[in-house]
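> The following file, input-v9.cif, comprises mmCIF, C-alpha atoms and all ligand atoms:
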```cif
data_entry
loop_
_atom_site.label_atom_id
_atom_site.label_comp_id
_atom_site.auth_asym_id
_atom_site.auth_seq_id
_atom_site.Cartn_x
_atom_site.Cartn_y
_atom_site.Cartn_z
CA MET A 1 3.58 7.15 3.07
CA GLY A 2 0.35 8.04 4.87
CA VAL A 3 -2.83 6.18 3.89
CA LEU A 4 -5.95 8.08 2.89
CA ASN A 5 -8.81 5.85 1.80
CA VAL A 6 -11.71 7.81 0.32
CA THR A 7 -13.95 4.74 0.45
CA PRO A 8 -16.96 3.46 2.37
CA ASP A 9 -15.49 0.00 2.91
CA SER A 10 -11.72 0.01 3.51
CA PHE A 11 -10.85 -2.39 6.28
CA SER A 12 -9.55 0.12 8.79
CA ASP A 13 -10.63 3.65 7.83
CA GLY A 14 -13.53 2.89 5.48
CA GLY A 15 -16.33 5.45 5.69
CA ARG A 16 -14.32 7.91 7.76
CA PHE A 17 -13.10 10.06 4.87
CA LEU A 18 -15.73 9.64 2.16
CA ASP A 19 -16.72 13.28 2.52
CA PRO A 20 -14.15 15.40 0.57
CA ASP A 21 -13.74 17.94 3.38
CA ALA A 22 -13.06 15.19 5.92
CA ALA A 23 -10.60 13.55 3.51
CA ILE A 24 -8.74 16.82 2.86
CA ALA A 25 -8.56 17.56 6.59
CA HIS A 26 -7.16 14.09 7.25
CA ALA A 27 -4.59 14.50 4.45
CA ARG A 28 -3.41 17.74 6.07
CA ARG A 29 -3.11 15.96 9.39
CA LEU A 30 -0.98 13.22 7.81
CA ILE A 31 1.26 15.88 6.26
CA ALA A 32 1.56 17.78 9.56
CA GLU A 33 2.50 14.50 11.27
CA GLY A 34 5.38 14.01 8.85
CA ALA A 35 4.15 11.99 5.88
CA ASP A 36 6.37 12.51 2.81
CA VAL A 37 3.71 11.02 0.53
CA VAL A 38 -0.08 10.89 0.90
CA ASP A 39 -1.49 7.76 -0.76
CA VAL A 40 -5.01 8.51 -1.95
CA GLY A 41 -7.24 5.54 -2.81
CA GLY A 42 -10.87 5.37 -3.96
CA GLU A 43 -11.31 1.60 -4.18
CA SER A 44 -10.86 -0.82 -1.30
CA THR A 45 -8.69 -3.83 -2.08
CA ARG A 46 -9.34 -5.55 1.24
CA PRO A 47 -10.05 -9.29 0.96
CA GLY A 48 -13.55 -9.80 -0.44
CA ALA A 49 -14.00 -6.15 -1.52
CA GLU A 50 -16.26 -5.43 -4.49
CA PRO A 51 -14.82 -3.39 -7.39
CA VAL A 52 -16.08 0.18 -7.98
CA SER A 53 -16.71 1.94 -11.31
CA GLU A 54 -14.12 4.26 -12.81
CA SER A 55 -16.40 7.29 -12.60
CA GLU A 56 -17.10 6.68 -8.91
CA GLU A 57 -13.42 6.18 -8.16
CA ARG A 58 -12.54 9.45 -9.92
CA ARG A 59 -15.32 11.27 -8.11
CA ARG A 60 -13.89 10.16 -4.78
CA VAL A 61 -10.19 10.89 -5.29
CA LEU A 62 -9.84 13.85 -7.67
CA PRO A 63 -11.12 16.67 -5.40
CA VAL A 64 -8.83 15.48 -2.63
CA ILE A 65 -5.76 15.27 -4.87
CA GLU A 66 -6.44 18.71 -6.34
CA ALA A 67 -6.70 20.19 -2.85
CA ILE A 68 -3.48 18.75 -1.41
CA ALA A 69 -1.08 18.28 -4.33
CA ALA A 70 0.60 21.63 -3.67
CA GLU A 71 1.18 20.68 -0.02
CA ALA A 72 2.73 17.21 -0.29
CA ARG A 73 3.67 14.51 -2.73
CA VAL A 74 0.56 12.53 -3.68
CA SER A 75 0.39 8.93 -4.85
CA ILE A 76 -2.73 7.44 -6.39
CA ASP A 77 -3.63 3.96 -5.18
CA THR A 78 -5.52 2.50 -8.15
CA ARG A 79 -5.70 -0.44 -10.54
CA LYS A 80 -7.34 1.61 -13.31
CA ALA A 81 -5.37 3.37 -16.06
CA GLY A 82 -8.02 6.08 -16.47
CA VAL A 83 -8.04 6.91 -12.77
CA ALA A 84 -4.23 6.99 -12.69
CA ARG A 85 -4.08 9.42 -15.62
CA ALA A 86 -6.75 11.70 -14.16
CA ALA A 87 -4.98 11.64 -10.79
CA VAL A 88 -1.69 12.68 -12.41
CA GLU A 89 -3.50 15.55 -14.16
CA ALA A 90 -4.83 16.57 -10.75
CA GLY A 91 -1.31 16.59 -9.29
CA ALA A 92 -0.29 13.05 -8.25
CA THR A 93 3.33 12.16 -9.10
CA LEU A 94 3.41 8.48 -8.09
CA ILE A 95 1.15 5.61 -9.21
CA ASN A 96 0.73 3.05 -6.41
CA ASP A 97 -0.36 0.05 -8.42
CA VAL A 98 -1.51 -3.05 -6.54
CA SER A 99 -2.10 -4.74 -9.92
CA ALA A 100 1.53 -4.10 -11.02
CA SER A 101 0.26 -3.52 -14.56
CA LEU A 102 0.18 0.27 -15.09
CA HIS A 103 3.85 0.82 -15.95
CA LEU A 104 3.03 2.11 -19.45
CA VAL A 105 0.75 4.74 -17.93
CA ALA A 106 3.53 5.79 -15.55
CA ALA A 107 5.97 5.97 -18.48
CA ASP A 108 3.55 7.98 -20.58
CA CYS A 109 2.75 10.42 -17.74
CA GLY A 110 6.40 10.74 -16.62
CA VAL A 111 5.67 9.81 -12.98
CA GLY A 112 6.94 7.22 -10.50
CA TRP A 113 5.44 3.75 -10.14
CA VAL A 114 5.04 1.26 -7.30
CA ALA A 115 4.72 -2.36 -8.43
CA MET A 116 2.99 -4.46 -5.77
CA HIS A 117 2.68 -8.24 -5.77
CA MET A 118 -0.76 -9.81 -5.42
CA GLN A 119 -1.77 -13.44 -5.94
CA GLY A 120 -5.26 -13.52 -7.46
CA GLU A 121 -7.89 -10.80 -7.10
CA PRO A 122 -9.12 -9.04 -3.94
CA ALA A 123 -12.52 -10.79 -4.10
CA THR A 124 -10.96 -14.25 -3.74
CA MET A 125 -7.25 -13.81 -2.96
CA GLN A 126 -7.41 -15.03 0.64
CA ALA A 127 -9.32 -18.21 -0.24
CA GLU A 128 -6.30 -20.48 -0.59
CA PRO A 129 -3.02 -18.70 -1.26
CA ARG A 130 -0.29 -21.15 -2.31
CA TYR A 131 3.41 -20.78 -3.08
CA GLY A 132 6.45 -23.00 -3.31
CA ASP A 133 8.88 -20.41 -1.93
CA VAL A 134 6.84 -17.25 -1.40
CA VAL A 135 9.86 -14.94 -1.17
CA ALA A 136 11.51 -16.28 -4.32
CA GLU A 137 8.25 -16.12 -6.28
CA VAL A 138 7.43 -12.58 -5.18
CA ARG A 139 11.00 -11.45 -5.89
CA THR A 140 11.04 -12.94 -9.39
CA PHE A 141 7.65 -11.38 -10.21
CA LEU A 142 8.61 -7.92 -8.93
CA VAL A 143 12.01 -7.82 -10.62
CA GLU A 144 10.43 -8.81 -13.94
CA ARG A 145 7.77 -6.10 -13.69
CA ALA A 146 10.29 -3.49 -12.49
CA GLU A 147 12.63 -4.24 -15.38
CA GLN A 148 9.75 -3.97 -17.85
CA ALA A 149 8.92 -0.57 -16.40
CA ILE A 150 12.52 0.65 -16.65
CA ALA A 151 12.65 -0.57 -20.26
CA ALA A 152 9.42 1.35 -20.95
CA GLY A 153 11.05 4.54 -19.61
CA VAL A 154 9.77 4.82 -16.03
CA GLU A 155 12.54 6.53 -14.08
CA GLU A 156 11.33 5.88 -10.53
CA VAL A 157 10.31 2.27 -9.84
CA TRP A 158 9.45 0.88 -6.40
CA ILE A 159 8.69 -2.73 -5.47
CA ASP A 160 6.30 -3.92 -2.74
CA PRO A 161 5.74 -7.52 -1.56
CA GLY A 162 2.00 -6.87 -1.06
CA ILE A 163 1.58 -7.99 2.54
CA GLY A 164 -1.86 -9.63 2.89
CA PHE A 165 -2.58 -9.76 -0.86
CA GLY A 166 -3.11 -13.46 -1.50
CA LYS A 167 -0.91 -14.42 1.45
CA THR A 168 -1.40 -16.30 4.70
CA ALA A 169 -0.02 -14.94 7.96
CA ALA A 170 2.92 -17.33 7.54
CA HIS A 171 3.60 -15.99 4.03
CA ASN A 172 3.54 -12.41 5.36
CA LEU A 173 6.00 -13.28 8.10
CA GLN A 174 8.34 -15.02 5.66
CA LEU A 175 8.32 -11.98 3.40
CA LEU A 176 9.18 -9.74 6.33
CA ALA A 177 11.81 -12.11 7.72
CA ARG A 178 13.53 -12.30 4.33
CA LEU A 179 12.95 -8.69 3.26
CA ASP A 180 16.69 -8.41 2.57
CA GLU A 181 16.13 -10.60 -0.50
CA LEU A 182 13.91 -7.88 -1.96
CA VAL A 183 16.18 -5.04 -0.81
CA SER A 184 19.14 -6.73 -2.53
CA THR A 185 17.43 -6.35 -5.92
CA GLY A 186 18.53 -2.70 -5.80
CA PHE A 187 14.98 -1.43 -6.39
CA PRO A 188 13.67 0.71 -3.52
CA VAL A 189 11.23 -1.33 -1.41
CA VAL A 190 7.87 -0.19 0.01
CA VAL A 191 6.17 -2.24 2.72
CA GLY A 192 2.57 -1.97 3.93
CA THR A 193 1.72 -3.89 7.10
CA SER A 194 -0.30 -1.19 8.84
CA ARG A 195 -3.25 -2.57 10.86
CA LYS A 196 -3.44 -5.69 8.68
CA ARG A 197 -5.24 -8.83 9.70
CA PHE A 198 -2.16 -11.00 10.37
CA LEU A 199 -1.18 -8.51 13.10
CA GLY A 200 -4.63 -8.82 14.65
CA ALA A 201 -4.25 -12.58 14.63
CA LEU A 202 -0.72 -12.50 16.10
CA LEU A 203 -1.74 -10.13 18.88
CA ALA A 204 -4.83 -12.18 19.68
CA ALA A 205 -2.73 -15.34 19.87
CA SER A 206 -0.34 -13.67 22.30
CA ASP A 207 -3.33 -12.69 24.48
CA GLY A 208 -4.69 -16.21 24.42
CA ALA A 209 -7.85 -14.83 22.74
CA ASP A 210 -9.53 -16.41 19.72
CA ALA A 211 -10.80 -13.44 17.67
CA PRO A 212 -8.23 -11.15 16.00
CA VAL A 213 -7.80 -7.85 17.86
CA PRO A 214 -9.77 -5.04 16.14
CA THR A 215 -8.05 -2.84 13.53
CA ASP A 216 -7.85 0.12 15.88
CA ASP A 217 -5.86 -1.97 18.39
CA ARG A 218 -3.06 -2.96 16.02
CA LEU A 219 -0.76 0.05 16.49
CA GLU A 220 2.02 -1.80 18.33
CA GLY A 221 2.10 -4.56 15.72
CA SER A 222 2.05 -1.99 12.93
CA LEU A 223 4.95 -0.10 14.50
CA ALA A 224 6.98 -3.23 15.20
CA THR A 225 6.68 -4.41 11.61
CA ALA A 226 7.25 -0.95 10.08
CA THR A 227 10.37 -0.51 12.22
CA TRP A 228 11.59 -3.98 11.29
CA ALA A 229 11.02 -3.22 7.59
CA MET A 230 12.93 0.07 7.80
CA ALA A 231 15.78 -1.56 9.72
CA GLU A 232 15.98 -4.26 7.04
CA GLY A 233 16.29 -1.62 4.32
CA ALA A 234 12.77 -0.71 3.17
CA ARG A 235 12.87 2.87 1.87
CA MET A 236 9.19 3.59 2.49
CA VAL A 237 6.47 2.24 4.76
CA ARG A 238 2.76 2.70 4.02
CA VAL A 239 0.98 3.46 7.29
CA HIS A 240 -2.22 4.81 8.83
CA ASP A 241 -0.52 6.04 12.04
CA VAL A 242 1.94 8.55 10.64
CA LEU A 243 2.97 10.40 13.81
CA ALA A 244 3.91 7.26 15.74
CA THR A 245 5.74 5.78 12.74
CA VAL A 246 7.72 8.97 12.08
CA GLN A 247 8.82 8.98 15.71
CA ALA A 248 9.87 5.34 15.50
CA ALA A 249 11.75 6.11 12.27
CA LYS A 250 13.59 9.02 13.91
CA VAL A 251 14.74 6.84 16.79
CA LEU A 252 15.76 4.10 14.38
CA ALA A 253 17.73 6.58 12.27
CA ALA A 254 19.51 7.92 15.37
N1 LIG A 301 -2.18 -2.26 1.09
C1 LIG A 301 -3.45 -1.82 0.92
C2 LIG A 301 -3.74 -0.93 -0.13
N2 LIG A 301 -2.77 -0.48 -0.95
N3 LIG A 301 -0.49 -0.42 -1.59
C3 LIG A 301 0.76 -0.84 -1.43
N4 LIG A 301 1.74 -0.38 -2.24
N5 LIG A 301 1.10 -1.73 -0.44
C4 LIG A 301 0.18 -2.24 0.41
O1 LIG A 301 0.52 -3.07 1.29
C5 LIG A 301 -1.19 -1.81 0.26
C6 LIG A 301 -1.49 -0.89 -0.77
C7 LIG A 301 -4.54 -2.28 1.83
O2 LIG A 301 -4.72 -1.45 2.91
P1 LIG A 301 -5.76 -0.22 3.03
O3 LIG A 301 -5.57 0.78 1.97
O4 LIG A 301 -5.65 0.32 4.40
O5 LIG A 301 -7.21 -0.87 2.91
P2 LIG A 301 -8.21 -1.07 1.70
O6 LIG A 301 -7.54 -1.81 0.61
O7 LIG A 301 -9.35 -1.83 2.33
O8 LIG A 301 -8.63 0.30 1.21
#
```
Please go through the file and, once you have read it, give me the structure as structure tokens.


Amino acid sequence: MGVLNVTPDSFSDGGRFLDPDAAIAHARRLIAEGADVVDVGGESTRPGAEPVSESEERRRVLPVIEAIAAEARVSIDTRKAGVARAAVEAGATLINDVSASLHLVAADCGVGWVAMHMQGEPATMQAEPRYGDVVAEVRTFLVERAEQAIAAGVEEVWIDPGIGFGKTAAHNLQLLARLDELVSTGFPVVVGTSRKRFLGALLAASDGADAPVPTDDRLEGSLATATWAMAEGARMVRVHDVLATVQAAKVLAA
């Protein structure tokens, strides 16, 4: 799954693809590089991000979805029912739902659904994330939501631990280390680690530096974690660097 953020403020590619022509060109590049799904988002959910209005979110994503839906599978990364519905009308066939609450929309529209776990809300989620056993709590939450979706008639349900969404670096690492506990639910697992802050912090620590390495310097960490996730049984990885990840996946598969 290749990431396309049509936003001014996403943590790694914010502002690069706000112009529809630039966004469409980038989507085509992701497809040419081997993305099976292009994940189009019009609202940043990075820690501390401010929400955007529904009309603005639609204005950002719909022209891009309309332009590329015939060329690749499109998922819509949104927390808003209205945006999800409009995106499906424009050609999206998967709702990537970081709020894990839009299963009835997916059922009604007859499309797939990704349920992602998040503790709290983007504005405050990194303030003080707390769990007893993070893996057990995330697993219980996701299985409950996935079963609700199946009961509501959604035929394609994915689960995603929500790396970085109300989680410390230690929580993220636990979720990756024990990914098999999510895979064993039987629901296909999606994992998104690409360029995230915990990688910047890990790489900085290994350099003996204090500040996290910048988002553009997190490729090796992104690839290591995506490859780990695939080897542990994740069926999809959500990444910015599609070409490098596809190559890693091919070697892994061989
Ligand atoms: N991560 C982000 C956004 N959407 N969706 C799923 N299913 N899993 C994830 O891990 C995930 C996601 C955050 O990354 P990004 O889109 O690059 O940044 P931003 O939220 O700032 O737009």

> When distances are computed from only C-alpha atoms, which of A:Val38, A:Ser101, A:Leu18, A:Glu50 shows the smallest separation from Arg73 in chain A?

A:Val38

> Skip Val191 in chain A itself and residues of its chain fewer than 2 positions away, then list as an NGL selection string all residues within 9 Å of it, counting all atoms listed in the file.

:A and (159-163 or 176 or 189 or 193-194 or 226 or 229-230 or 234-239)

> So how far away is atom C4 of ligand LIG 301 (chain A) from CA of Val134 in chain A, in Å?

16.5 Å

> Given only C-alpha atoms as the basis, pick out the residue of A:Lys80, A:Gln119, A:Phe165, A:Glu137 nearest to Leu102 in chain A.

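Smallest distance to Leu102 in chain A is found for A:Lys80.
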
> Would you mind listing what lies within 8 Å of range 40-42 of chain A as number ranges by chain, with only C-alpha atoms counted and same-chain residues fewer than 4 positions away left out?

A: 3-7, 57-58, 60-61, 64-65, 74-78

> Name the closest residue to Ile150 in chain A among the candidates A:Ala204, A:Val213, A:Val114, A:Val251; distances are taken between atoms, counting all atoms listed in the file.

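The shortest atom-to-atom distance to Ile150 in chain A comes from A:Val114.
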